[in-house]
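Asker: Handing over structure_34.json, JSON, N, CA and C atoms.
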[["chain", "number", "residue", "atom", "x", "y", "z"],
["A", 1, "LEU", "N", 61.33, 87.52, 136.98],
["A", 1, "LEU", "CA", 60.96, 88.25, 135.78],
["A", 1, "LEU", "C", 60.54, 87.29, 134.68],
["A", 2, "GLY", "N", 61.18, 86.14, 134.59],
["A", 2, "GLY", "CA", 60.83, 85.17, 133.56],
["A", 2, "GLY", "C", 59.42, 84.63, 133.72],
["A", 3, "GLY", "N", 59.00, 84.44, 134.97],
["A", 3, "GLY", "CA", 57.64, 83.96, 135.21],
["A", 3, "GLY", "C", 56.59, 84.99, 134.84],
["A", 4, "VAL", "N", 56.88, 86.25, 135.09],
["A", 4, "VAL", "CA", 55.95, 87.32, 134.73],
["A", 4, "VAL", "C", 55.83, 87.43, 133.22],
["A", 5, "ILE", "N", 56.94, 87.35, 132.52],
["A", 5, "ILE", "CA", 56.93, 87.41, 131.06],
["A", 5, "ILE", "C", 56.17, 86.20, 130.49],
["A", 6, "ALA", "N", 56.39, 85.03, 131.04],
["A", 6, "ALA", "CA", 55.68, 83.84, 130.57],
["A", 6, "ALA", "C", 54.18, 83.96, 130.81],
["A", 7, "LEU", "N", 53.79, 84.53, 131.94],
["A", 7, "LEU", "CA", 52.38, 84.73, 132.24],
["A", 7, "LEU", "C", 51.75, 85.70, 131.25],
["A", 8, "ILE", "N", 52.41, 86.80, 130.97],
["A", 8, "ILE", "CA", 51.89, 87.78, 130.02],
["A", 8, "ILE", "C", 51.83, 87.17, 128.61],
["A", 9, "MET", "N", 52.85, 86.42, 128.22],
["A", 9, "MET", "CA", 52.86, 85.82, 126.89],
["A", 9, "MET", "C", 51.79, 84.74, 126.75],
["A", 10, "SER", "N", 51.49, 84.01, 127.83],
["A", 10, "SER", "CA", 50.48, 82.97, 127.74],
["A", 10, "SER", "C", 49.10, 83.56, 127.49],
["A", 11, "ILE", "N", 48.85, 84.78, 127.95],
["A", 11, "ILE", "CA", 47.59, 85.46, 127.67],
["A", 11, "ILE", "C", 47.66, 86.18, 126.33],
["A", 12, "ALA", "N", 48.78, 86.82, 126.04],
["A", 12, "ALA", "CA", 48.92, 87.59, 124.79],
["A", 12, "ALA", "C", 48.85, 86.69, 123.56],
["A", 13, "ILE", "N", 49.35, 85.47, 123.67],
["A", 13, "ILE", "CA", 49.35, 84.58, 122.52],
["A", 13, "ILE", "C", 47.93, 84.21, 122.10],
["A", 14, "LEU", "N", 47.00, 84.22, 123.05],
["A", 14, "LEU", "CA", 45.60, 83.94, 122.72],
["A", 14, "LEU", "C", 44.96, 85.09, 121.95],
["A", 15, "PHE", "N", 45.44, 86.31, 122.15],
["A", 15, "PHE", "CA", 44.95, 87.46, 121.39],
["A", 15, "PHE", "C", 45.63, 87.57, 120.03],
["A", 16, "ILE", "N", 46.87, 87.14, 119.94],
["A", 16, "ILE", "CA", 47.63, 87.22, 118.69],
["A", 16, "ILE", "C", 47.25, 86.11, 117.72],
["A", 17, "LEU", "N", 46.85, 84.98, 118.22],
["A", 17, "LEU", "CA", 46.57, 83.82, 117.39],
["A", 17, "LEU", "C", 45.54, 84.07, 116.29],
["A", 18, "PRO", "N", 44.40, 84.72, 116.54],
["A", 18, "PRO", "CA", 43.46, 84.97, 115.44],
["A", 18, "PRO", "C", 44.01, 85.90, 114.36],
["A", 19, "ILE", "N", 44.93, 86.76, 114.71],
["A", 19, "ILE", "CA", 45.50, 87.68, 113.73],
["A", 19, "ILE", "C", 46.41, 86.94, 112.75],
["A", 20, "ILE", "N", 47.14, 85.95, 113.25],
["A", 20, "ILE", "CA", 48.09, 85.23, 112.39],
["A", 20, "ILE", "C", 47.50, 83.93, 111.86],
["A", 21, "HIS", "N", 46.18, 83.81, 111.85],
["A", 21, "HIS", "CA", 45.47, 82.63, 111.36],
["A", 21, "HIS", "C", 45.72, 82.51, 109.86],
["A", 22, "VAL", "N", 46.42, 81.45, 109.42],
["A", 22, "VAL", "CA", 46.87, 81.35, 108.03],
["A", 22, "VAL", "C", 46.34, 80.14, 107.27],
["A", 23, "ASN", "N", 45.59, 79.26, 107.88],
["A", 23, "ASN", "CA", 45.19, 78.05, 107.17],
["A", 23, "ASN", "C", 44.05, 78.34, 106.19],
["A", 24, "ASN", "N", 43.95, 77.49, 105.16],
["A", 24, "ASN", "CA", 42.95, 77.67, 104.11],
["A", 24, "ASN", "C", 41.56, 77.23, 104.57],
["A", 25, "SER", "N", 41.47, 76.25, 105.42],
["A", 25, "SER", "CA", 40.18, 75.76, 105.91],
["A", 25, "SER", "C", 39.85, 76.40, 107.25],
["A", 26, "GLN", "N", 38.57, 76.47, 107.56],
["A", 26, "GLN", "CA", 38.15, 77.10, 108.80],
["A", 26, "GLN", "C", 38.18, 76.15, 109.99],
["A", 27, "GLY", "N", 38.04, 74.85, 109.77],
["A", 27, "GLY", "CA", 37.98, 73.90, 110.88],
["A", 27, "GLY", "C", 39.16, 72.95, 110.88],
["A", 28, "LEU", "N", 39.20, 72.12, 111.90],
["A", 28, "LEU", "CA", 40.29, 71.15, 112.03],
["A", 28, "LEU", "C", 39.95, 69.80, 111.39],
["A", 29, "GLN", "N", 38.79, 69.67, 110.74],
["A", 29, "GLN", "CA", 38.40, 68.37, 110.20],
["A", 29, "GLN", "C", 39.33, 67.91, 109.09],
["A", 30, "PHE", "N", 40.04, 68.83, 108.43],
["A", 30, "PHE", "CA", 40.97, 68.45, 107.37],
["A", 30, "PHE", "C", 42.42, 68.35, 107.84],
["A", 31, "TYR", "N", 42.63, 68.53, 109.13],
["A", 31, "TYR", "CA", 43.97, 68.49, 109.70],
["A", 31, "TYR", "C", 44.02, 67.45, 110.82],
["A", 32, "PRO", "N", 44.22, 66.16, 110.49],
["A", 32, "PRO", "CA", 44.15, 65.13, 111.53],
["A", 32, "PRO", "C", 45.23, 65.26, 112.61],
["A", 33, "LEU", "N", 46.44, 65.65, 112.25],
["A", 33, "LEU", "CA", 47.48, 65.82, 113.28],
["A", 33, "LEU", "C", 47.15, 66.97, 114.22],
["A", 34, "ASN", "N", 46.51, 68.02, 113.69],
["A", 34, "ASN", "CA", 46.15, 69.14, 114.54],
["A", 34, "ASN", "C", 45.00, 68.78, 115.48],
["A", 35, "GLN", "N", 44.17, 67.84, 115.09],
["A", 35, "GLN", "CA", 43.12, 67.37, 115.99],
["A", 35, "GLN", "C", 43.75, 66.68, 117.20],
["A", 36, "ILE", "N", 44.75, 65.87, 116.95],
["A", 36, "ILE", "CA", 45.46, 65.19, 118.04],
["A", 36, "ILE", "C", 46.18, 66.22, 118.92],
["A", 37, "LEU", "N", 46.85, 67.19, 118.27],
["A", 37, "LEU", "CA", 47.53, 68.24, 119.03],
["A", 37, "LEU", "C", 46.57, 69.05, 119.88],
["A", 38, "PHE", "N", 45.35, 69.27, 119.37],
["A", 38, "PHE", "CA", 44.36, 70.01, 120.14],
["A", 38, "PHE", "C", 44.04, 69.30, 121.44],
["A", 39, "TRP", "N", 43.84, 67.98, 121.39],
["A", 39, "TRP", "CA", 43.50, 67.25, 122.61],
["A", 39, "TRP", "C", 44.69, 67.15, 123.55],
["A", 40, "TYR", "N", 45.92, 67.11, 123.00],
["A", 40, "TYR", "CA", 47.09, 67.20, 123.87],
["A", 40, "TYR", "C", 47.13, 68.55, 124.57],
["A", 41, "MET", "N", 46.75, 69.60, 123.86],
["A", 41, "MET", "CA", 46.73, 70.94, 124.45],
["A", 41, "MET", "C", 45.71, 71.02, 125.57],
["A", 42, "VAL", "N", 44.55, 70.41, 125.39],
["A", 42, "VAL", "CA", 43.54, 70.39, 126.44],
["A", 42, "VAL", "C", 44.08, 69.69, 127.68],
["A", 43, "ILE", "N", 44.76, 68.57, 127.48],
["A", 43, "ILE", "CA", 45.35, 67.83, 128.60],
["A", 43, "ILE", "C", 46.42, 68.67, 129.29],
["A", 44, "ILE", "N", 47.25, 69.36, 128.51],
["A", 44, "ILE", "CA", 48.30, 70.20, 129.08],
["A", 44, "ILE", "C", 47.70, 71.33, 129.92],
["A", 45, "ILE", "N", 46.63, 71.95, 129.43],
["A", 45, "ILE", "CA", 45.99, 73.03, 130.20],
["A", 45, "ILE", "C", 45.41, 72.50, 131.50],
["A", 46, "ILE", "N", 44.78, 71.33, 131.45],
["A", 46, "ILE", "CA", 44.24, 70.73, 132.67],
["A", 46, "ILE", "C", 45.36, 70.42, 133.66],
["A", 47, "LEU", "N", 46.46, 69.85, 133.17],
["A", 47, "LEU", "CA", 47.59, 69.53, 134.04],
["A", 47, "LEU", "C", 48.26, 70.79, 134.60],
["A", 48, "LEU", "N", 48.37, 71.84, 133.79],
["A", 48, "LEU", "CA", 48.93, 73.09, 134.30],
["A", 48, "LEU", "C", 48.05, 73.69, 135.38],
["A", 49, "THR", "N", 46.75, 73.56, 135.22],
["A", 49, "THR", "CA", 45.83, 74.05, 136.25],
["A", 49, "THR", "C", 46.01, 73.26, 137.54],
["A", 50, "TRP", "N", 46.17, 71.95, 137.42],
["A", 50, "TRP", "CA", 46.37, 71.10, 138.59],
["A", 50, "TRP", "C", 47.71, 71.40, 139.26],
["A", 51, "ILE", "N", 48.76, 71.57, 138.44],
["A", 51, "ILE", "CA", 50.10, 71.85, 138.98],
["A", 51, "ILE", "C", 50.10, 73.20, 139.70],
["A", 52, "GLY", "N", 49.33, 74.16, 139.18],
["A", 52, "GLY", "CA", 49.27, 75.47, 139.82],
["A", 52, "GLY", "C", 48.67, 75.43, 141.22],
["A", 53, "ALA", "N", 47.87, 74.39, 141.50],
["A", 53, "ALA", "CA", 47.26, 74.26, 142.83],
["A", 53, "ALA", "C", 48.13, 73.46, 143.80],
["A", 54, "ARG", "N", 49.20, 72.88, 143.33],
["A", 54, "ARG", "CA", 50.10, 72.08, 144.16],
["A", 54, "ARG", "C", 51.10, 72.98, 144.87],
["A", 55, "PRO", "N", 51.67, 72.51, 145.98],
["A", 55, "PRO", "CA", 52.71, 73.31, 146.67],
["A", 55, "PRO", "C", 54.00, 73.36, 145.84],
["A", 56, "VAL", "N", 54.80, 74.36, 146.09],
["A", 56, "VAL", "CA", 56.06, 74.54, 145.36],
["A", 56, "VAL", "C", 57.08, 73.58, 145.96],
["A", 57, "GLU", "N", 57.10, 72.37, 145.42],
["A", 57, "GLU", "CA", 58.03, 71.32, 145.86],
["A", 57, "GLU", "C", 58.70, 70.73, 144.63],
["A", 58, "ASP", "N", 59.66, 69.87, 144.89],
["A", 58, "ASP", "CA", 60.54, 69.35, 143.85],
["A", 58, "ASP", "C", 59.83, 68.71, 142.66],
["A", 59, "PRO", "N", 58.99, 67.71, 142.76],
["A", 59, "PRO", "CA", 58.48, 67.12, 141.52],
["A", 59, "PRO", "C", 57.51, 68.04, 140.79],
["A", 60, "TYR", "N", 56.82, 68.90, 141.52],
["A", 60, "TYR", "CA", 55.83, 69.78, 140.88],
["A", 60, "TYR", "C", 56.49, 70.92, 140.11],
["A", 61, "ILE", "N", 57.64, 71.37, 140.56],
["A", 61, "ILE", "CA", 58.35, 72.45, 139.87],
["A", 61, "ILE", "C", 58.79, 71.98, 138.48],
["A", 62, "LEU", "N", 59.44, 70.84, 138.43],
["A", 62, "LEU", "CA", 59.91, 70.31, 137.15],
["A", 62, "LEU", "C", 58.75, 69.98, 136.22],
["A", 63, "THR", "N", 57.68, 69.41, 136.75],
["A", 63, "THR", "CA", 56.51, 69.08, 135.94],
["A", 63, "THR", "C", 55.90, 70.35, 135.37],
["A", 64, "GLY", "N", 55.80, 71.40, 136.16],
["A", 64, "GLY", "CA", 55.26, 72.66, 135.69],
["A", 64, "GLY", "C", 56.11, 73.29, 134.60],
["A", 65, "GLN", "N", 57.43, 73.19, 134.73],
["A", 65, "GLN", "CA", 58.32, 73.75, 133.72],
["A", 65, "GLN", "C", 58.20, 72.99, 132.40],
["A", 66, "ILE", "N", 58.13, 71.67, 132.48],
["A", 66, "ILE", "CA", 57.98, 70.86, 131.26],
["A", 66, "ILE", "C", 56.65, 71.15, 130.58],
["A", 67, "LEU", "N", 55.58, 71.23, 131.36],
["A", 67, "LEU", "CA", 54.27, 71.51, 130.79],
["A", 67, "LEU", "C", 54.20, 72.92, 130.20],
["A", 68, "THR", "N", 54.90, 73.87, 130.79],
["A", 68, "THR", "CA", 54.93, 75.23, 130.26],
["A", 68, "THR", "C", 55.63, 75.25, 128.90],
["A", 69, "VAL", "N", 56.73, 74.54, 128.78],
["A", 69, "VAL", "CA", 57.43, 74.45, 127.48],
["A", 69, "VAL", "C", 56.52, 73.80, 126.45],
["A", 70, "LEU", "N", 55.82, 72.74, 126.82],
["A", 70, "LEU", "CA", 54.90, 72.08, 125.89],
["A", 70, "LEU", "C", 53.76, 72.99, 125.49],
["A", 71, "TYR", "N", 53.28, 73.81, 126.42],
["A", 71, "TYR", "CA", 52.21, 74.77, 126.13],
["A", 71, "TYR", "C", 52.63, 75.73, 125.02],
["A", 72, "PHE", "N", 53.82, 76.31, 125.15],
["A", 72, "PHE", "CA", 54.27, 77.26, 124.15],
["A", 72, "PHE", "C", 54.70, 76.57, 122.85],
["A", 73, "MET", "N", 55.18, 75.34, 122.93],
["A", 73, "MET", "CA", 55.55, 74.61, 121.72],
["A", 73, "MET", "C", 54.33, 74.33, 120.84],
["A", 74, "TYR", "N", 53.17, 74.17, 121.46],
["A", 74, "TYR", "CA", 51.95, 73.95, 120.68],
["A", 74, "TYR", "C", 51.72, 75.09, 119.70],
["A", 75, "TYR", "N", 51.92, 76.31, 120.15],
["A", 75, "TYR", "CA", 51.68, 77.47, 119.30],
["A", 75, "TYR", "C", 52.75, 77.65, 118.23],
["A", 76, "LEU", "N", 53.88, 76.99, 118.38],
["A", 76, "LEU", "CA", 54.91, 77.00, 117.35],
["A", 76, "LEU", "C", 54.73, 75.86, 116.36],
["A", 77, "ILE", "N", 54.30, 74.70, 116.84],
["A", 77, "ILE", "CA", 54.17, 73.51, 116.00],
["A", 77, "ILE", "C", 52.87, 73.53, 115.20],
["A", 78, "ASN", "N", 51.79, 74.01, 115.79],
["A", 78, "ASN", "CA", 50.48, 73.98, 115.14],
["A", 78, "ASN", "C", 50.47, 74.68, 113.78],
["A", 79, "PRO", "N", 50.97, 75.92, 113.63],
["A", 79, "PRO", "CA", 50.97, 76.55, 112.30],
["A", 79, "PRO", "C", 51.86, 75.83, 111.29],
["A", 80, "LEU", "N", 52.94, 75.24, 111.77],
["A", 80, "LEU", "CA", 53.82, 74.51, 110.85],
["A", 80, "LEU", "C", 53.12, 73.27, 110.27],
["A", 81, "ILE", "N", 52.39, 72.57, 111.10],
["A", 81, "ILE", "CA", 51.66, 71.39, 110.62],
["A", 81, "ILE", "C", 50.52, 71.80, 109.70],
["A", 82, "ILE", "N", 49.87, 72.92, 110.00],
["A", 82, "ILE", "CA", 48.80, 73.41, 109.11],
["A", 82, "ILE", "C", 49.37, 73.73, 107.73],
["A", 83, "LYS", "N", 50.51, 74.41, 107.70],
["A", 83, "LYS", "CA", 51.15, 74.73, 106.41],
["A", 83, "LYS", "C", 51.56, 73.46, 105.68],
["A", 84, "MET", "N", 52.06, 72.45, 106.41],
["A", 84, "MET", "CA", 52.44, 71.20, 105.78],
["A", 84, "MET", "C", 51.23, 70.53, 105.13],
["A", 85, "TRP", "N", 50.10, 70.47, 105.85],
["A", 85, "TRP", "CA", 48.90, 69.85, 105.30],
["A", 85, "TRP", "C", 48.34, 70.65, 104.14],
["A", 86, "ASP", "N", 48.40, 71.99, 104.21],
["A", 86, "ASP", "CA", 47.93, 72.81, 103.09],
["A", 86, "ASP", "C", 48.75, 72.55, 101.85],
["A", 87, "ASN", "N", 50.07, 72.37, 102.01],
["A", 87, "ASN", "CA", 50.92, 72.07, 100.85],
["A", 87, "ASN", "C", 50.63, 70.69, 100.30],
["A", 88, "LEU", "N", 50.31, 69.74, 101.16],
["A", 88, "LEU", "CA", 49.98, 68.39, 100.69],
["A", 88, "LEU", "C", 48.63, 68.34, 99.98],
["A", 89, "LEU", "N", 47.68, 69.14, 100.44],
["A", 89, "LEU", "CA", 46.34, 69.12, 99.84],
["A", 89, "LEU", "C", 46.27, 69.92, 98.56],
["A", 90, "ASN", "N", 47.16, 70.88, 98.38],
["A", 90, "ASN", "CA", 47.11, 71.71, 97.16],
["A", 90, "ASN", "C", 47.99, 71.19, 96.08]]
The structure given in the file should be rewritten as structure tokens.
Answerer:
Amino acid sequence: LGGVIALIMSIAILFILPIIHVNNSQGLQFYPLNQILFWYMVIIIILLTWIGARPVEDPYILTGQILTVLYFMYYLINPLIIKMWDNLLN
């Protein structure tokens, strides 16, 4: 059940994200930490895709779980850093 919920949330978060868009600027050019986080997210998505094609064995299970936690942490950390930079710039 946990895997099904995580799968649904990984898709639903992409639909919810534009609704809760709170930053003052439209692009990431004014948020240097978010630029770095974006490229980490790209790497995480590529690794999750690769892990999904691997057999269900010991090192791949743990790697997939860690990458899944990092995937969801991005969506929690990104708005916090945007708010921090907005407070520093204003």
Asker: Quote the spacing between atom C of Leu37 (chain A) and atom N of Tyr75 (chain A) in Å to one decimal place.
Answerer: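 Separation between atom C of Leu37 (chain A) and atom N of Tyr75 (chain A): 9.0 Å.
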Asker: Let me have the centre and edge lengths in Å, one decimal, of the box along x, y and z around every listed atom of region 36-50 of chain A with 8 Å of margin on each side, as JSON.
Answerer:
{"center_x": 46.2, "center_y": 69.6, "center_z": 128.1, "size_x": 21.4, "size_y": 24.9, "size_z": 38.3}
Asker: Could you give me, as a PyMOL selection string, each residue of chain A that DSSP assigns to helix (DSSP H, G or I) when run on this structure's backbone?
Answerer: chain A and resi 2-16+32-52+58-89
Asker: One number please: atom C of Ser10 (chain A) to atom N of Thr63 (chain A), in Å, one decimal.
Answerer: 19.0 Å
Asker: What is the CA of Asn34 (chain A)-CA of Ile66 (chain A) distance in Å, reported with one decimal?
Answerer: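 About the pair CA of Asn34 (chain A) and CA of Ile66 (chain A): they are 20.6 Å apart.
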Asker: Out of A:Leu67, A:Leu28, A:Leu62, A:Leu17, which residue has the shortest atom-to-atom distance to Leu47 (chain A) when counting all atoms listed in the file?
Answerer: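 Closest to Leu47 (chain A) of all the choices is A:Leu67.
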Asker: Identify which of the residues A:Leu48, A:Leu33, A:Ile13, A:Pro18 lies closest to Leu76 (chain A), counting only C-alpha atoms when measuring atom-to-atom distances.
Answerer: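 The closest residue to Leu76 (chain A) is A:Ile13.
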Asker: Rank nothing, just name the residue among A:Thr68, A:Ile16, A:Tyr31, A:Ile5 nearest to Trp85 (chain A), using only N, CA and C atoms.
Answerer: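 For Trp85 (chain A), the nearest of the candidates is A:Tyr31.
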Asker: Only C-alpha atoms needed: put region 13-47 of chain A from the block into a file as an mmCIF file, in the first residue's frame.
Answerer:
data_model
loop_
_atom_site.group_PDB
_atom_site.id
_atom_site.type_symbol
_atom_site.label_atom_id
_atom_site.label_comp_id
_atom_site.auth_asym_id
_atom_site.auth_seq_id
_atom_site.Cartn_x
_atom_site.Cartn_y
_atom_site.Cartn_z
ATOM 1 C CA ILE A 13 2.770 16.532 -6.587
ATOM 2 C CA LEU A 14 3.515 17.592 -10.162
ATOM 3 C CA PHE A 15 -0.089 18.792 -10.540
ATOM 4 C CA ILE A 16 -0.163 20.496 -7.130
ATOM 5 C CA LEU A 17 3.143 22.321 -7.543
ATOM 6 C CA PRO A 18 1.897 25.077 -9.931
ATOM 7 C CA ILE A 19 -1.005 25.830 -7.586
ATOM 8 C CA ILE A 20 1.260 26.447 -4.588
ATOM 9 C CA HIS A 21 3.817 28.463 -6.603
ATOM 10 C CA VAL A 22 4.761 31.246 -4.155
ATOM 11 C CA ASN A 23 8.010 32.857 -5.302
ATOM 12 C CA ASN A 24 8.179 36.486 -6.429
ATOM 13 C CA SER A 25 10.307 35.822 -9.521
ATOM 14 C CA GLN A 26 9.278 33.648 -12.440
ATOM 15 C CA GLY A 27 12.647 31.989 -13.093
ATOM 16 C CA LEU A 28 15.438 30.362 -11.135
ATOM 17 C CA GLN A 29 18.083 32.904 -12.195
ATOM 18 C CA PHE A 30 17.698 34.754 -8.865
ATOM 19 C CA TYR A 31 17.790 31.585 -6.765
ATOM 20 C CA PRO A 32 21.291 30.052 -7.006
ATOM 21 C CA LEU A 33 20.678 27.282 -4.451
ATOM 22 C CA ASN A 34 17.515 26.267 -6.282
ATOM 23 C CA GLN A 35 19.479 25.999 -9.516
ATOM 24 C CA ILE A 36 21.770 23.479 -7.848
ATOM 25 C CA LEU A 37 18.776 21.650 -6.352
ATOM 26 C CA PHE A 38 17.183 21.487 -9.798
ATOM 27 C CA TRP A 39 20.173 19.640 -11.258
ATOM 28 C CA TYR A 40 20.247 17.305 -8.254
ATOM 29 C CA MET A 41 16.588 16.587 -8.974
ATOM 30 C CA VAL A 42 17.383 15.777 -12.604
ATOM 31 C CA ILE A 43 20.081 13.349 -11.448
ATOM 32 C CA ILE A 44 17.687 11.771 -8.923
ATOM 33 C CA ILE A 45 15.031 11.243 -11.610
ATOM 34 C CA ILE A 46 17.585 9.641 -13.940
ATOM 35 C CA LEU A 47 18.811 7.360 -11.142
#
